[in-house]
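As provided, model_23.pdb (PDB, C-alpha atoms) reads as follows.
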```pdb
ATOM      1  CA  MET A 793     178.706 -56.124 -25.167
ATOM      2  CA  MET A 794     178.179 -53.860 -28.171
ATOM      3  CA  THR A 795     180.803 -53.306 -30.870
ATOM      4  CA  PRO A 796     181.605 -49.563 -30.794
ATOM      5  CA  VAL A 797     181.141 -47.371 -33.823
ATOM      6  CA  GLN A 798     184.542 -46.799 -35.420
ATOM      7  CA  ASP A 799     186.001 -43.764 -37.184
ATOM      8  CA  TRP A 800     185.256 -45.863 -40.249
ATOM      9  CA  GLY A 801     184.045 -49.355 -40.997
ATOM     10  CA  ARG A 802     184.248 -51.883 -43.811
ATOM     11  CA  PHE A 803     181.962 -53.948 -45.960
ATOM     12  CA  PRO A 804     182.760 -56.640 -48.536
ATOM     13  CA  SER A 805     182.265 -55.165 -51.997
ATOM     14  CA  GLY A 806     182.233 -58.379 -54.041
ATOM     15  CA  TRP A 807     178.431 -58.686 -54.002
ATOM     16  CA  ILE A 808     178.184 -55.216 -55.519
ATOM     17  CA  ALA A 809     180.774 -56.017 -58.196
ATOM     18  CA  ASP A 810     178.638 -59.071 -59.023
ATOM     19  CA  GLY A 811     175.638 -56.845 -59.758
ATOM     20  CA  ASN A 812     173.562 -57.811 -56.726
ATOM     21  CA  LEU A 813     172.415 -54.246 -56.081
ATOM     22  CA  LYS A 814     169.937 -54.965 -58.875
ATOM     23  CA  ARG A 815     168.145 -57.246 -56.437
ATOM     24  CA  PHE A 816     167.319 -54.209 -54.304
ATOM     25  CA  SER A 817     165.028 -52.527 -56.795
ATOM     26  CA  TRP A 818     161.831 -50.903 -55.535
ATOM     27  CA  ARG A 819     159.748 -53.376 -57.546
ATOM     28  CA  LEU A 820     161.371 -56.352 -55.823
ATOM     29  CA  VAL A 821     161.821 -55.188 -52.231
ATOM     30  CA  GLY A 822     160.017 -51.870 -51.649
ATOM     31  CA  THR A 823     160.568 -50.233 -48.268
ATOM     32  CA  ARG A 824     162.218 -53.419 -46.953
ATOM     33  CA  GLY A 825     165.148 -52.556 -49.203
ATOM     34  CA  ILE A 826     165.572 -49.139 -47.604
ATOM     35  CA  ALA A 827     165.571 -50.708 -44.143
ATOM     36  CA  ALA A 828     167.956 -53.484 -45.185
ATOM     37  CA  LEU A 829     170.576 -51.170 -46.687
ATOM     38  CA  ARG A 830     170.377 -48.748 -43.770
ATOM     39  CA  VAL A 831     170.888 -51.625 -41.328
ATOM     40  CA  TYR A 832     173.708 -53.034 -43.486
ATOM     41  CA  THR A 833     175.410 -49.629 -43.463
ATOM     42  CA  VAL A 834     175.378 -49.238 -39.678
ATOM     43  CA  LEU A 835     176.555 -52.816 -39.185
ATOM     44  CA  ALA A 836     179.424 -52.196 -41.621
ATOM     45  CA  GLN A 837     180.323 -49.032 -39.703
ATOM     46  CA  ARG A 838     181.095 -51.257 -36.718
ATOM     47  CA  LEU A 839     182.948 -53.953 -38.670
ATOM     48  CA  ARG A 840     186.676 -54.238 -38.063
ATOM     49  CA  ASP A 841     187.206 -57.747 -36.624
ATOM     50  CA  ALA A 842     188.561 -60.474 -38.909
ATOM     51  CA  ASP A 843     185.667 -62.831 -38.195
ATOM     52  CA  GLY A 844     183.173 -60.377 -39.712
ATOM     53  CA  VAL A 845     181.022 -60.423 -36.552
ATOM     54  CA  VAL A 846     179.399 -57.277 -35.178
ATOM     55  CA  ARG A 847     177.645 -57.112 -31.806
ATOM     56  CA  ALA A 848     174.646 -54.804 -31.604
ATOM     57  CA  SER A 849     171.370 -54.743 -29.731
ATOM     58  CA  TYR A 850     168.059 -54.077 -31.449
ATOM     59  CA  GLU A 851     167.889 -50.841 -29.493
ATOM     60  CA  ALA A 852     171.225 -49.725 -30.936
ATOM     61  CA  LEU A 853     170.172 -50.622 -34.478
ATOM     62  CA  THR A 854     166.898 -48.715 -34.182
ATOM     63  CA  GLU A 855     168.748 -45.667 -32.854
ATOM     64  CA  ASN A 856     171.569 -45.866 -35.404
ATOM     65  CA  THR A 857     169.218 -46.225 -38.374
ATOM     66  CA  ASN A 858     166.296 -44.053 -37.220
ATOM     67  CA  LEU A 859     164.021 -47.016 -37.966
ATOM     68  CA  ALA A 860     161.217 -48.643 -36.016
ATOM     69  CA  ARG A 861     161.932 -52.040 -34.533
ATOM     70  CA  ALA A 862     159.637 -53.736 -37.068
ATOM     71  CA  SER A 863     161.532 -52.111 -39.944
ATOM     72  CA  VAL A 864     164.891 -53.205 -38.497
ATOM     73  CA  SER A 865     163.544 -56.753 -38.247
ATOM     74  CA  ALA A 866     162.293 -56.686 -41.855
ATOM     75  CA  GLY A 867     165.641 -55.307 -43.023
ATOM     76  CA  LEU A 868     167.591 -58.006 -41.209
ATOM     77  CA  ARG A 869     165.391 -60.732 -42.710
ATOM     78  CA  LEU A 870     165.976 -59.378 -46.206
ATOM     79  CA  LEU A 871     169.743 -59.208 -45.639
ATOM     80  CA  GLU A 872     169.653 -62.847 -44.525
ATOM     81  CA  THR A 873     167.574 -63.850 -47.560
ATOM     82  CA  GLU A 874     170.121 -62.144 -49.834
ATOM     83  CA  ASN A 875     172.984 -63.991 -48.071
ATOM     84  CA  LEU A 876     174.614 -60.782 -46.911
ATOM     85  CA  ILE A 877     174.506 -61.523 -43.179
ATOM     86  CA  LEU A 878     173.900 -64.229 -40.593
ATOM     87  CA  THR A 879     172.094 -63.444 -37.344
ATOM     88  CA  GLY A 880     171.605 -64.971 -33.904
ATOM     89  CA  GLU A 881     172.923 -68.471 -33.295
ATOM     90  CA  ALA A 882     174.203 -68.739 -36.874
ATOM     91  CA  ALA A 883     176.391 -65.695 -36.158
ATOM     92  CA  GLY A 884     177.531 -66.930 -32.741
ATOM     93  CA  GLY A 885     174.744 -65.881 -30.407
ATOM     94  CA  LYS A 886     172.033 -63.371 -29.603
ATOM     95  CA  GLY A 887     172.800 -59.820 -30.659
ATOM     96  CA  ARG A 888     175.510 -60.923 -33.106
ATOM     97  CA  TYR A 889     175.538 -60.311 -36.841
ATOM     98  CA  LYS A 890     178.076 -61.826 -39.200
ATOM     99  CA  ILE A 891     178.676 -59.955 -42.438
ATOM    100  CA  LEU A 892     179.224 -62.603 -45.077
ATOM    101  CA  GLY A 893     181.968 -62.426 -47.694
ATOM    102  CA  TYR A 894     184.290 -60.338 -45.539
ATOM    103  CA  ASP A 895     188.034 -60.824 -45.954
ATOM    104  CA  PRO A 896     190.112 -58.340 -43.933
ATOM    105  CA  GLU A 897     192.967 -58.599 -46.440
ATOM    106  CA  LYS A 898     191.105 -57.694 -49.634
ATOM    107  CA  GLY A 899     187.835 -56.943 -51.338
ATOM    108  CA  TRP A 900     186.362 -54.500 -48.851
ATOM    109  CA  ALA A 901     185.248 -50.910 -49.096
ATOM    110  CA  LYS A 902     185.404 -48.149 -46.496
ATOM    111  CA  LEU A 903     182.450 -46.325 -44.942
ATOM    112  CA  PRO A 904     182.622 -43.291 -42.652
ATOM    113  CA  ALA A 905     181.153 -43.695 -39.200
ATOM    114  CA  GLN A 906     181.807 -41.956 -35.892
ATOM    115  CA  LYS A 907     182.219 -38.389 -37.129
ATOM    116  CA  LEU A 908     178.843 -38.587 -38.874
ATOM    117  CA  TYR A 909     176.972 -39.630 -35.740
ATOM    118  CA  ASP A 910     174.925 -37.437 -33.438
ATOM    119  CA  GLY A 911     174.940 -39.498 -30.288
ATOM    120  CA  ALA A 912     173.622 -42.915 -31.245
ATOM    121  CA  GLN A 913     172.125 -41.856 -34.571
ATOM    122  CA  PHE A 914     173.760 -41.771 -37.996
ATOM    123  CA  ARG A 915     173.149 -38.108 -38.806
ATOM    124  CA  PRO A 916     172.164 -38.416 -42.500
ATOM    125  CA  PHE A 917     169.241 -40.704 -41.579
ATOM    126  CA  LYS A 918     167.662 -38.205 -39.165
ATOM    127  CA  THR A 919     165.392 -36.703 -41.835
ATOM    128  CA  TRP A 920     164.671 -39.945 -43.738
ATOM    129  CA  HIS A 921     161.247 -41.453 -43.109
ATOM    130  CA  MET A 922     160.847 -44.560 -45.318
ATOM    131  CA  ARG A 923     158.159 -42.811 -47.345
ATOM    132  CA  SER A 924     159.879 -42.501 -50.692
ATOM    133  CA  GLN A 925     161.630 -44.861 -53.051
ATOM    134  CA  VAL A 926     164.222 -42.108 -53.564
ATOM    135  CA  GLU A 927     165.749 -43.264 -50.265
ATOM    136  CA  LEU A 928     166.297 -46.708 -51.792
ATOM    137  CA  HIS A 929     167.918 -45.187 -54.878
ATOM    138  CA  ALA A 930     170.201 -43.151 -52.597
ATOM    139  CA  MET A 931     171.260 -46.147 -50.500
ATOM    140  CA  ARG A 932     172.059 -48.264 -53.567
ATOM    141  CA  LEU A 933     174.168 -45.427 -54.969
ATOM    142  CA  TYR A 934     175.895 -44.828 -51.637
ATOM    143  CA  LEU A 935     177.159 -48.388 -51.377
ATOM    144  CA  LEU A 936     178.058 -48.481 -55.071
ATOM    145  CA  ILE A 937     180.120 -45.284 -54.803
ATOM    146  CA  ALA A 938     181.862 -46.600 -51.690
ATOM    147  CA  ALA A 939     182.627 -49.896 -53.429
ATOM    148  CA  ARG A 940     184.012 -48.175 -56.521
ATOM    149  CA  ARG A 941     186.102 -45.554 -54.717
ATOM    150  CA  ASP A 942     189.612 -45.347 -56.125
ATOM    151  CA  THR A 943     191.857 -45.360 -53.062
ATOM    152  CA  ALA A 944     194.637 -43.324 -54.665
ATOM    153  CA  LEU A 945     192.336 -40.538 -55.866
ATOM    154  CA  ASN A 946     189.736 -40.852 -53.092
ATOM    155  CA  GLU A 947     186.911 -40.603 -55.602
ATOM    156  CA  ALA A 948     184.668 -42.927 -57.572
ATOM    157  CA  PHE A 949     184.281 -42.257 -61.283
ATOM    158  CA  LEU A 950     180.982 -43.651 -62.487
ATOM    159  CA  THR A 951     179.067 -42.775 -65.618
ATOM    160  CA  TYR A 952     175.314 -43.156 -65.652
ATOM    161  CA  GLU A 953     175.840 -46.081 -68.021
ATOM    162  CA  LYS A 954     178.123 -47.840 -65.508
ATOM    163  CA  ILE A 955     175.601 -47.249 -62.707
ATOM    164  CA  GLN A 956     172.847 -48.691 -64.885
ATOM    165  CA  GLU A 957     175.027 -51.736 -65.585
ATOM    166  CA  MET A 958     175.998 -52.378 -61.964
ATOM    167  CA  ALA A 959     172.839 -51.353 -60.100
ATOM    168  CA  GLY A 960     170.065 -51.577 -62.688
ATOM    169  CA  MET A 961     168.942 -47.990 -62.072
ATOM    170  CA  ARG A 962     167.299 -45.662 -64.573
ATOM    171  CA  ASP A 963     168.601 -42.150 -65.251
ATOM    172  CA  GLU A 964     165.872 -40.434 -63.233
ATOM    173  CA  GLN A 965     166.500 -42.777 -60.293
ATOM    174  CA  ILE A 966     170.212 -41.998 -60.385
ATOM    175  CA  THR A 967     169.571 -38.248 -60.504
ATOM    176  CA  SER A 968     167.084 -38.270 -57.624
ATOM    177  CA  GLY A 969     169.280 -40.595 -55.535
ATOM    178  CA  LEU A 970     172.343 -38.400 -56.009
ATOM    179  CA  SER A 971     170.329 -35.318 -55.076
ATOM    180  CA  LEU A 972     169.290 -36.920 -51.783
ATOM    181  CA  LEU A 973     172.847 -38.065 -51.024
ATOM    182  CA  SER A 974     174.117 -34.542 -51.645
ATOM    183  CA  ALA A 975     171.345 -32.912 -49.589
ATOM    184  CA  SER A 976     172.013 -35.395 -46.769
ATOM    185  CA  SER A 977     175.755 -34.568 -46.783
ATOM    186  CA  MET A 978     176.712 -38.157 -47.632
ATOM    187  CA  VAL A 979     178.392 -37.629 -51.010
ATOM    188  CA  TYR A 980     180.215 -34.781 -52.725
ATOM    189  CA  VAL A 981     179.668 -34.530 -56.484
ATOM    190  CA  ILE A 982     182.756 -33.144 -58.251
ATOM    191  CA  ASN A 983     182.987 -32.106 -61.886
ATOM    192  CA  HIS A 984     186.346 -32.528 -63.613
ATOM    193  CA  ASP A 985     187.587 -31.001 -66.841
ATOM    194  CA  ARG A 986     189.024 -33.803 -68.999
ATOM    195  CA  GLN A 987     191.476 -31.432 -70.694
ATOM    196  CA  GLY A 988     189.642 -30.986 -73.948
ATOM    197  CA  HIS A 989     187.660 -34.233 -73.732
ATOM    198  CA  GLY A 990     184.595 -32.907 -71.952
ATOM    199  CA  LEU A 991     183.617 -33.141 -68.296
ATOM    200  CA  ALA A 992     183.768 -36.158 -66.009
ATOM    201  CA  ARG A 993     181.938 -36.524 -62.738
ATOM    202  CA  GLY A 994     183.567 -37.892 -59.604
ATOM    203  CA  TYR A 995     181.938 -38.822 -56.309
ATOM    204  CA  ARG A 996     183.573 -38.557 -52.898
ATOM    205  CA  ILE A 997     182.129 -40.142 -49.753
ATOM    206  CA  VAL A 998     181.772 -37.538 -47.000
ATOM    207  CA  GLY A 999     183.911 -38.544 -44.028
ATOM    208  CA  VAL A1000     186.271 -40.956 -45.823
ATOM    209  CA  GLU A1001     189.792 -39.515 -45.692
ATOM    210  CA  PRO A1002     188.300 -35.994 -45.618
ATOM    211  CA  TYR A1003     191.657 -34.235 -45.830
ATOM    212  CA  ARG A1004     192.706 -35.951 -49.065
ATOM    213  CA  HIS A1005     191.141 -34.256 -52.054
ATOM    214  CA  ARG A1006     191.970 -31.980 -54.959
ATOM    215  CA  GLY A1007     192.348 -28.938 -52.698
ATOM    216  CA  THR A1008     194.995 -30.584 -50.513
ATOM    217  CA  THR A1009     196.896 -32.477 -53.205
ATOM    218  CA  THR A1010     197.250 -29.225 -55.216
ATOM    219  CA  ARG A1011     196.884 -30.904 -58.582
ATOM    220  CA  GLU A1012     194.173 -31.769 -61.045
ATOM    221  CA  ILE A1013     193.271 -35.389 -61.713
ATOM    222  CA  THR A1014     194.200 -36.209 -65.290
ATOM    223  CA  ALA A1015     191.878 -37.711 -67.897
ATOM    224  CA  ASP A1016     194.041 -40.850 -67.994
ATOM    225  CA  GLU A1017     193.743 -41.257 -64.216
ATOM    226  CA  MET A1018     189.963 -40.906 -64.405
ATOM    227  CA  ASP A1019     189.759 -43.470 -67.195
ATOM    228  CA  ALA A1020     191.966 -45.912 -65.282
ATOM    229  CA  ALA A1021     189.912 -45.472 -62.109
ATOM    230  CA  SER A1022     186.659 -45.940 -64.043
ATOM    231  CA  ALA A1023     187.941 -49.207 -65.470
ATOM    232  CA  LEU A1024     188.592 -50.757 -62.047
ATOM    233  CA  GLN A1025     186.174 -53.399 -60.837
ATOM    234  CA  SER A1026     184.852 -53.192 -57.265
ATOM    235  CA  GLN A1027     187.367 -55.572 -55.764
ATOM    236  CA  ASN A1028     190.490 -55.352 -53.622
ATOM    237  CA  LEU A1029     189.581 -51.749 -52.779
ATOM    238  CA  ARG A1030     190.314 -50.277 -49.382
TER
END
```

Could I get this file's structure written as structure tokens?
Amino acid sequence: MMTPVQDWGRFPSGWIADGNLKRFSWRLVGTRGIAALRVYTVLAQRLRDADGVVRASYEALTENTNLARASVSAGLRLLETENLILTGEAAGGKGRYKILGYDPEKGWAKLPAQKLYDGAQFRPFKTWHMRSQVELHAMRLYLLIAARRDTALNEAFLTYEKIQEMAGMRDEQITSGLSLLSASSMVYVINHDRQGHGLARGYRIVGVEPYRHRGTTTREITADEMDAASALQSQNLR
């Protein structure tokens, strides 16, 4: 039995708040990191049960991620090494994956799922081919933005300095990663006027509460609200 893709799924954000995205640099993990974070994303899109266990066949994971079976296997091994998941018997049996650190009551972030699928494939991954480290930069940013999303404002407010601190990414990596996320229709980049204090940039995950944004709330987000949201750590967010 395979856990169905939900309208949205969850992943525990504590490991990101602890700075562990730095462990997914190109120098350390290369293309395995791209595969691992793509697999982690599609597993999280199926996660809703309190035990943190997702059921999925290899065939489903290859289709969901647009990855070859060998790449899925390498990604799963890396996720296990980084203590992000358990697989097989350790997770309760063949075809089961337990996402570690998951608490249904707190400390999880929301990812869009079903509406971004074309059949069995997560649509943004259809044109990704594991040939460029930009895909790794994009995946690290995607999970970071999801983890830092302010639930009241439905945006994440992250300076380049904060991204560098939390993910260990250089400016050019951030810029190229954001460009790919935008081109892949995964993230909206929104510029805000800070009422005389310059511009601030917000990031909204495509498909997460899509009807709640500045156009529907009919008000501007204030500079104080942006500052308060920026100060939040990636915990207890949902």

### Which of A:Met931, A:Ile937, A:Ala959, A:Ala948 sits closest to Leu813 of chain A [using all atoms listed in the file]
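Nearest to Leu813 of chain A: A:Ala959.
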
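Proximity ranking of A:Ala852, A:Val845, A:Val981, A:Leu870 relative to Pro896 of chain A places A:Val845 first, based on all atoms listed in the file.
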
### Query
For Thr795 of chain A, which residue out of A:Ala848, A:Leu903, A:Ala828, A:Leu868 is the nearest one, using all atoms listed in the file?
A:Ala848

### Query
When the PyMOL selection byres ((chain A and resi 887) around 9) is applied to the file above, which residues end up in the set, as an MDAnalysis selection string?
chainID A and resid 793:794 846:850 879:880 883:886 888:889

#### Entry: Between atom CA of Gly844 of chain A and atom CA of Ser976 of chain A, distance in Å (one decimal)
28.3 Å

### Task
Measuring atom to atom with all atoms listed in the file, identify which of A:Gly893, A:Gly969, A:Gly994, A:Pro1002 is nearest to Glu927 of chain A.
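Closest to Glu927 of chain A, using all atoms listed in the file: A:Gly969.
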
### Message
So that I can see what lies close to Lys902 of chain A, please list as a list in words the residues with an atom at most 10 Å from it, counting only C-alpha atoms and leaving out residues fewer than 3 positions away in the same chain.
### Response
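After dropping sequence-adjacent residues, the list is Trp800, Gly801, Arg802, Phe803, Pro804, Ser805, Ala836, Gln837, Ala905, Leu935, Ala938, Ala939, Arg941, Thr943, Ile997, Val1000, Glu1001, Leu1029 and Arg1030 of chain A.
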
#### Entry: Selection near Asp810 of chain A, 12 Å with all atoms listed in the file, sequence-local residues under 2 positions removed, as a list in words
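Near Asp810 of chain A, the qualifying residues are Pro804, Ser805, Gly806, Trp807, Ile808, Asn812, Leu813, Lys814, Arg815, Leu936, Ala939, Glu957, Met958, Ala959, Gly960, Gln1025, Ser1026 and Gln1027 of chain A.
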
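Picture a line from atom CA of Ala882 of chain A to atom CA of Thr854 of chain A; it runs 21.5 Å.
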